[in-house]
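Visitor: The structure's right below; bear with me while I get my questions together.
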Amino acid sequence: MNISLNWLKQYISLTESPEELDQLLTGCGLEVEEIERIDSVPGGLQGVVIGEVLTCEPFTVKEKQLHLTTVDIGTGEPTTIVCGAANVAAGQRVVVATVGATIYPTNGEPFTIGKRKVYGHPSEGMICAEDELGLGTSHAGIMVLTTDLPNGTPAATYFKLEPDYRIVIGLTPNRADAASHIGVARDLKALLHRDIKLPFADNFYAANNQHPIDVVVENTEACPRFCGVTIDGVKVAESPDWLKQSLLAIGLRPINNIVDITNFICHELGQPMHAYDWHELAGQKIVVKTMPEGTKFVTLDGIERTLSSEDLMICDAEKPVGIAGVFGGQESGIKETTTRVFLEVAYFSPDWVRKSSMRHGLKTDASFRFERGTDPNFKLYTLKRAALLMQELAGGKITSEITDTHPAQFKPAQVLMSYRNIDRLIGQKIPHEQIHQILTDLDIKVWNGTEEGFTASIPAYRVDVTREADVIEEILRIYGLNNIGLSANLRTDYLAKFPEPSKDRERVPFKISQLLAGAGFQEIFTNSLTKPAYAASIKDSLPGEDVEILNKLSEDLGVMRQSMLFSGLEALAHNVNRRQRDLKFFEFGKTYHKMQPHQYVEKPHLALYLTGNIVSESWQQKSRPVAFHDLVSTVNRIFKKMGVKGLTTQEVETGNVWAYGLQYLKGKQVLATIGLVRSDLTKLTDLKQAVFFADLDWAALLDHYTTEVTFQEISKFPEVRRDLSLVLDKTISFKQIQEVAFKYEKNLLQSLNVFDIYEGPNLGEGKKSYSVSFTLLDASQTLTDSQIDKTMNRLMLGFEKELEAVIRK
């Protein structure tokens with residue numbers, strides 16, 4: 001938001017420099033991001049002073065008449081200047097550009113004055129003509145002044161060219177009240193204890209009621225108040241210089257006196273308003289309502305827009321003439337031929353305006369303010385102020401009574417305040433009298449006071465102050481954060497109550513993050529917005545449709561992600577392209593799905609990504625590429641950390657996302673899917689190396705999370721290991737071996753493990769050999785050779801029967 005310092009001074013007396021105002025405003029929450037000097041003429045005539053010609057001697061060079069002058073410019077010693085103007089003479093008061101000054105001529109490039117010799121004569125400055133300073137177009141001769149100002153006085157003082165300063169404020173969304181010059185003046189009033197002066201509007205009166213507009217508000221929820229008045233006999237023309245300069249100072253382009261007044265009022269009072277050509281309003285009627293879905297409407301920028309049935313519209317008796325609070329229509333706008341104006345100022349619901357603004361991609365000064373909330377009690381003053389200004393600058397007279405659909409005042413919010421809570425939240429006791437003064441300066445009425453507290457009555461324009469903590473924040477920002485000393489023991493306090501974390505769930509992500517960081521993983525945070533092409537490439541594996549962004553920044557950020565895969569692949573590709581090829585990433589994130597026309601689902605996930613080598617190459621060990629079992633090991637550690645047991649696995653269906661992989665199930669619920677990503681999917685992000693990906697359903701994992709730990713005494717008796725070499729069909733998996741083993745031996749068999757796999761021509765076509773170790777244990781006694789042999793024979797029999805295995809002995 002831009003504020004003009006000279007404009008601001010019309011409402012409050014300010015002697016502070018722009019830099020001092022920067023400190024004051026930033027300290028109270030209106031952060032100043034930039035201060036820019038604005039000169040009414042380029043350069044602001046810096047280095048240009050008033051001088052007096054003491055002597056003037058003519059001389060001729062190549063038939064050119066020149067003058068060698070001495071000029072008093074207030075430095076104590078006369079300055080020698082060679083001047084070519086025919087009208088220069090001794091005794092004149094003139095305008096002199098001194099050495100080092102940069103001047104900006106009306107025509108031509110700017111240049112800097114330096115010491116030089118002109119035809120053998122020293123010249124230390126320049127006596128200037130009007131066009132040489134950018135003050136006009138005349139080049140008939142030097143400017144000769146009539147003034148009593150002393151020599152050396154800056155020329156800007158003589159021409160009354162006071163510089164302005166554009167103060168750029170990074171306005172936070174809650175401070176709708178400060179989105180104007182009056183709004184900023186209110187804060188300065190409280191900070192500096194100075195009164196502010198609103199422009200006079202009590203001389204408003206209607207000459208007659210010949211041209212009323214009938215106003216009907218059908219949707220009072222979206223438009224609680226609508227005010228309007230007619231001004232007849234106006235002349236649309238160029239705005240006066242002061243109005244144009246005010247708008248230019250805040251970065252607005254002047255258009256004409258009528259439109260410029262509405263823009264001026266918006267930035268003066270924070271009250272958006274609109275001017276209609278009275279003759280273009282069919283039936284001389286205004287109806288505030290919604291239109292049927294799909295209605296076409298052409299806005300002021302000449303673009304035809306398709307309306308929603310939820311767009312609040314300003315209509316006449318036949319057609320829409322403006323999107324309420326957002327943008328006016330082309331047909332009813334002010335033209336050069338306009339002679340009668342209907343001026344409107346209203347209070348529109350922030351929710352309705354925000355939705356229409358987003359729906360049509362229109363961000364205007366009006367919508368900016370309406371979306372945040374305007375003052376419903378300031379409408380009549382605003383209307384009178386604008387109508388009087390329009391009469392002053394465009395002529396005419398007021399030819400209707402004011403229309404007001406809600407003449408009663410909107411009641412201020414009442415907030416109960418406790419001195420104890422004020423002291424507790426601020427961390428320092430502030431005298432009660434000072435608290436009352438701060439709030440009074442902020443137009444917050446203090447009443448019903450007791451020793452324990454009081455009631456704060458909040459003005460309607462402070463839409464963000466609704467709670468006790470909000471009022472305390474107002475006290476603190478005016479009192480000054482820098483005035484709050486640090487206590488001996490640092491601590492925080494708050495007024496709100498927070499529920500205790502259930503089942504420790506809020507801390508689980510941190511625990512898992514620690515686990516993964518210890519395993520060499522790095523956490524990433526990626527954008528939830530993504531390309532539609534990604535979801536299209538795995539459409540058959542997704543549970544719903546894309547959630548499309550209505551006001552998308554680009555096609556590449558057009559939808560919400562339905563899979564964690566591609567945002568992670570983009571992060572991997574970004575690093576690989578910068579020669580970081582050995583990567584382990586994890587991310588806690590969400591996916592978004594449109595299940596039905598009006599049903600949307602968010603799903604939390606934990607995603608793991610592995611690519612490159614498992615460890616970097618060193619003299620101690622050889623490097624190797626990451627493998628599927630590296631990902632399996634990590635996922636199993638996560639399950640163990642969360643206390644999730646009793647899982648089963650099944651192979652994934654290949655073709656959608658995976659080249660191969662596994663699903664982990666608890667009953668019939670899938671908790672995780674892991675595997676190797678198809679190479680054609682990695683190539684969508686220009687990633688050429690293999691990627692292993694694990695997608696864990698975080699919500700489901702939390703449902704099974706437990707902190708309970710079961711301890712079992714370590715057996716007093718030794719365990720026994722026996723090995724078998726099984727020649728099997730290539731299609732037999734280790735899982736099948738495991739299932740058969742525990743089917744034939746449930747008591748003594750503790751675990752089994754594959755320690756070698758061999759494939760070769762010696763085994764026969766389609767065969768492979770598993771070398772499997774079996775761990776046997778009896779918790780009640782030491783195993784005998786007889787028991788061990790019986791167990792192993794039973795296992796071999798099972799493998800031969802169930803898997804057609806050949807036991808290599």
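Each chain in the structure tokens gets a letter, A, B and so on, in the order shown; residues start at 1 in every chain, and ligands are counted from 1 in the order they appear.
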Skipping near chain neighbours, those fewer than 2 positions away, what residues fall within 10 Å of Phe639 in chain A using only C-alpha atoms, listed as a list in words?
Guide: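 What passes the distance filter is Ile512, Thr634, Val635, Asn636, Arg637, Lys641, Met642, Gly643, Val644, Lys645, Leu647, Leu671, Ala672, Leu701, His704 and Tyr705 of chain A.
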Visitor: Do you know which residues are at most 9 Å from Phe348 in chain A counting only C-alpha atoms, after dropping those on the same chain fewer than 4 positions away, and could you put them as a list of chain:residue names?
Guide: A:Glu221, A:Ala222, A:Cys223, A:Pro224, A:Arg225, A:Phe226, A:Ala324, A:Gly325, A:Trp352, A:Val353, A:Phe370, A:Glu371, A:Gly373, A:Thr374, A:Pro376
Visitor: Give me every strand (DSSP E) residue in range 492-672 of chain A, going by DSSP on the backbone, as a PyMOL selection string.
Guide: chain A and resi 522-523+529-530+547-548+559-560+583-596+599-611+648-651+658-666+669-672
Visitor: Under the rule that only C-alpha atoms are counted, which of A:Gln210, A:Asn448, A:Ser554, A:Ser537 is the nearest residue to Gly655 in chain A?
Guide: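 With only C-alpha atoms as the atom set, the closest residue is A:Ser537.
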Visitor: Using only C-alpha atoms, can you tell me which of A:Ile38, A:Leu307, A:Ala190, A:Ile265 comes closest to Gln434 in chain A?
Guide: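 Ranked by minimum distance to Gln434 in chain A, first place goes to A:Ala190.
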Visitor: Given only C-alpha atoms as the basis, pick out the residue of A:Pro199, A:Leu149, A:Gly329, A:Arg359 nearest to Thr306 in chain A.
Guide: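 Of all the options, A:Arg359 lies closest to Thr306 in chain A.
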Visitor: Using only C-alpha atoms, determine which residues lie at most 9 Å from Leu777 in chain A, disregarding the query and same-chain residues fewer than 3 positions distant; provide the list as a list in words.
Guide: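 Here the qualifying residues turn out to be Ser715, Phe717, Pro718, Glu719, Val720, Asn747, Leu748, Leu749, Gln750, Ser780, Gln781, Thr782 and Leu783 of chain A.
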Visitor: Output C-alpha atoms for every residue in that selection, as an mmCIF file, in the first residue's frame.
Guide:
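After the write, part_38.cif holds the following:
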```cif
data_model
loop_
_atom_site.group_PDB
_atom_site.id
_atom_site.type_symbol
_atom_site.label_atom_id
_atom_site.label_comp_id
_atom_site.auth_asym_id
_atom_site.auth_seq_id
_atom_site.Cartn_x
_atom_site.Cartn_y
_atom_site.Cartn_z
ATOM 1 C CA SER A 715 16.089 -67.880 26.574
ATOM 2 C CA PHE A 717 19.083 -72.350 26.282
ATOM 3 C CA PRO A 718 21.164 -72.032 23.129
ATOM 4 C CA GLU A 719 19.718 -71.707 19.656
ATOM 5 C CA VAL A 720 20.803 -73.926 16.791
ATOM 6 C CA ASN A 747 7.217 -74.534 17.670
ATOM 7 C CA LEU A 748 10.989 -74.703 17.309
ATOM 8 C CA LEU A 749 11.542 -72.580 14.187
ATOM 9 C CA GLN A 750 12.392 -69.036 15.220
ATOM 10 C CA SER A 780 12.308 -75.023 27.949
ATOM 11 C CA GLN A 781 15.361 -77.227 27.246
ATOM 12 C CA THR A 782 18.474 -77.751 25.167
ATOM 13 C CA LEU A 783 17.720 -79.251 21.778
#
```
Visitor: Identify which of the residues A:Asp316, A:Glu218, A:Glu52, A:Asp375 lies closest to Pro272 in chain A, counting only C-alpha atoms when measuring atom-to-atom distances.
Guide: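 Nearest to Pro272 in chain A: A:Asp375.
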Visitor: Please identify the alpha helix (DSSP H) residues within range 339-385 of chain A (assignment by DSSP from backbone atoms) and present them as a list in words.
Guide: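 Those residues are Pro350, Asp351, Trp352, Val353, Arg354, Lys355, Ser356, Ser357, Met358, Arg359, His360, Asp365, Ala366, Ser367, Phe368, Arg369, Phe370, Glu371, Arg372, Lys379, Leu380, Tyr381, Thr382, Leu383, Lys384 and Arg385 of chain A.
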Visitor: Find the residues near Asp311 in chain A: any atom within 12 Å, counting only C-alpha atoms, skip ones fewer than 4 places away on the same chain, and give them as an MDAnalysis selection string.
Guide: chainID A and resid 219 222:223 288:297 305:307 315 320 322:327 348:349 351:360
Visitor: So, with only C-alpha atoms as the atoms that count, which of A:Val184, A:Cys227, A:Asp131, A:Glu336 lies closest to Val259 in chain A?
Guide: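 Answer, going by the shortest atom-to-atom distance: A:Glu336.
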Visitor: Within 10 Å of Ser513 in chain A, counting only C-alpha atoms, which residues show up once you throw out same-chain ones fewer than 5 positions away? Write them as a PyMOL selection string, please.
Guide: chain A and resi 508+518-519+521-523+586-588+638
Visitor: Determine, counting only C-alpha atoms, which protein, DNA and RNA residues have an atom within 10 Å of an atom of range 607-624 of chain A; residues of the same chain fewer than 3 positions away are not included. Present the result as a PyMOL selection string.
Guide: chain A and resi 516+520-524+563-565+568-569+571-572+576+580-590+604+627-628+630-631+634-635+672-674+676-677+689-698
Visitor: Please provide as a PDB file with N, CA, C and O atoms, in the first residue's frame all residues within 7 Å of range 463-475 of chain A, with the sequence filter that same-chain residues fewer than 5 positions apart are discarded (counting only C-alpha atoms).
Guide:
```pdb
ATOM      1  N   ASN A 174      -4.865  -8.322   8.356  1.00  0.00           N
ATOM      2  CA  ASN A 174      -5.818  -7.965   9.412  1.00  0.00           C
ATOM      3  C   ASN A 174      -6.041  -6.465   9.525  1.00  0.00           C
ATOM      4  O   ASN A 174      -7.034  -6.030  10.093  1.00  0.00           O
ATOM      5  N   ARG A 175      -5.133  -5.649   8.970  1.00  0.00           N
ATOM      6  CA  ARG A 175      -5.212  -4.210   9.184  1.00  0.00           C
ATOM      7  C   ARG A 175      -5.947  -3.506   8.051  1.00  0.00           C
ATOM      8  O   ARG A 175      -5.443  -2.588   7.404  1.00  0.00           O
ATOM      9  N   GLY A 373     -12.726  -5.893   4.907  1.00  0.00           N
ATOM     10  CA  GLY A 373     -13.743  -5.290   5.762  1.00  0.00           C
ATOM     11  C   GLY A 373     -13.630  -3.784   5.832  1.00  0.00           C
ATOM     12  O   GLY A 373     -12.577  -3.253   6.201  1.00  0.00           O
ATOM     13  N   ALA A 413     -18.532  -3.747  18.769  1.00  0.00           N
ATOM     14  CA  ALA A 413     -18.298  -4.970  19.543  1.00  0.00           C
ATOM     15  C   ALA A 413     -17.863  -4.590  20.958  1.00  0.00           C
ATOM     16  O   ALA A 413     -17.167  -3.595  21.174  1.00  0.00           O
ATOM     17  N   VAL A 415     -15.864  -5.941  24.349  1.00  0.00           N
ATOM     18  CA  VAL A 415     -14.890  -6.938  24.794  1.00  0.00           C
ATOM     19  C   VAL A 415     -14.568  -6.703  26.261  1.00  0.00           C
ATOM     20  O   VAL A 415     -14.185  -5.596  26.651  1.00  0.00           O
ATOM     21  N   LEU A 416     -14.763  -7.744  27.083  1.00  0.00           N
ATOM     22  CA  LEU A 416     -14.429  -7.656  28.501  1.00  0.00           C
ATOM     23  C   LEU A 416     -12.924  -7.776  28.680  1.00  0.00           C
ATOM     24  O   LEU A 416     -12.303  -8.706  28.167  1.00  0.00           O
ATOM     25  N   MET A 417     -12.342  -6.834  29.433  1.00  0.00           N
ATOM     26  CA  MET A 417     -10.898  -6.787  29.606  1.00  0.00           C
ATOM     27  C   MET A 417     -10.529  -6.984  31.085  1.00  0.00           C
ATOM     28  O   MET A 417     -11.202  -6.470  31.984  1.00  0.00           O
ATOM     29  N   ILE A 422      -3.948  -8.464  30.801  1.00  0.00           N
ATOM     30  CA  ILE A 422      -3.133  -7.490  30.073  1.00  0.00           C
ATOM     31  C   ILE A 422      -1.684  -7.587  30.541  1.00  0.00           C
ATOM     32  O   ILE A 422      -0.752  -7.679  29.732  1.00  0.00           O
ATOM     33  N   ILE A 435      -3.007   2.771  29.774  1.00  0.00           N
ATOM     34  CA  ILE A 435      -3.793   1.824  28.984  1.00  0.00           C
ATOM     35  C   ILE A 435      -5.042   2.504  28.455  1.00  0.00           C
ATOM     36  O   ILE A 435      -5.374   2.415  27.254  1.00  0.00           O
ATOM     37  N   ILE A 438      -4.171   5.066  25.664  1.00  0.00           N
ATOM     38  CA  ILE A 438      -3.836   4.419  24.390  1.00  0.00           C
ATOM     39  C   ILE A 438      -5.112   3.988  23.672  1.00  0.00           C
ATOM     40  O   ILE A 438      -5.289   4.237  22.475  1.00  0.00           O
ATOM     41  N   LEU A 439      -6.004   3.337  24.402  1.00  0.00           N
ATOM     42  CA  LEU A 439      -7.236   2.851  23.774  1.00  0.00           C
ATOM     43  C   LEU A 439      -8.115   4.008  23.327  1.00  0.00           C
ATOM     44  O   LEU A 439      -8.715   3.968  22.245  1.00  0.00           O
TER      45      LEU A 439
END
```
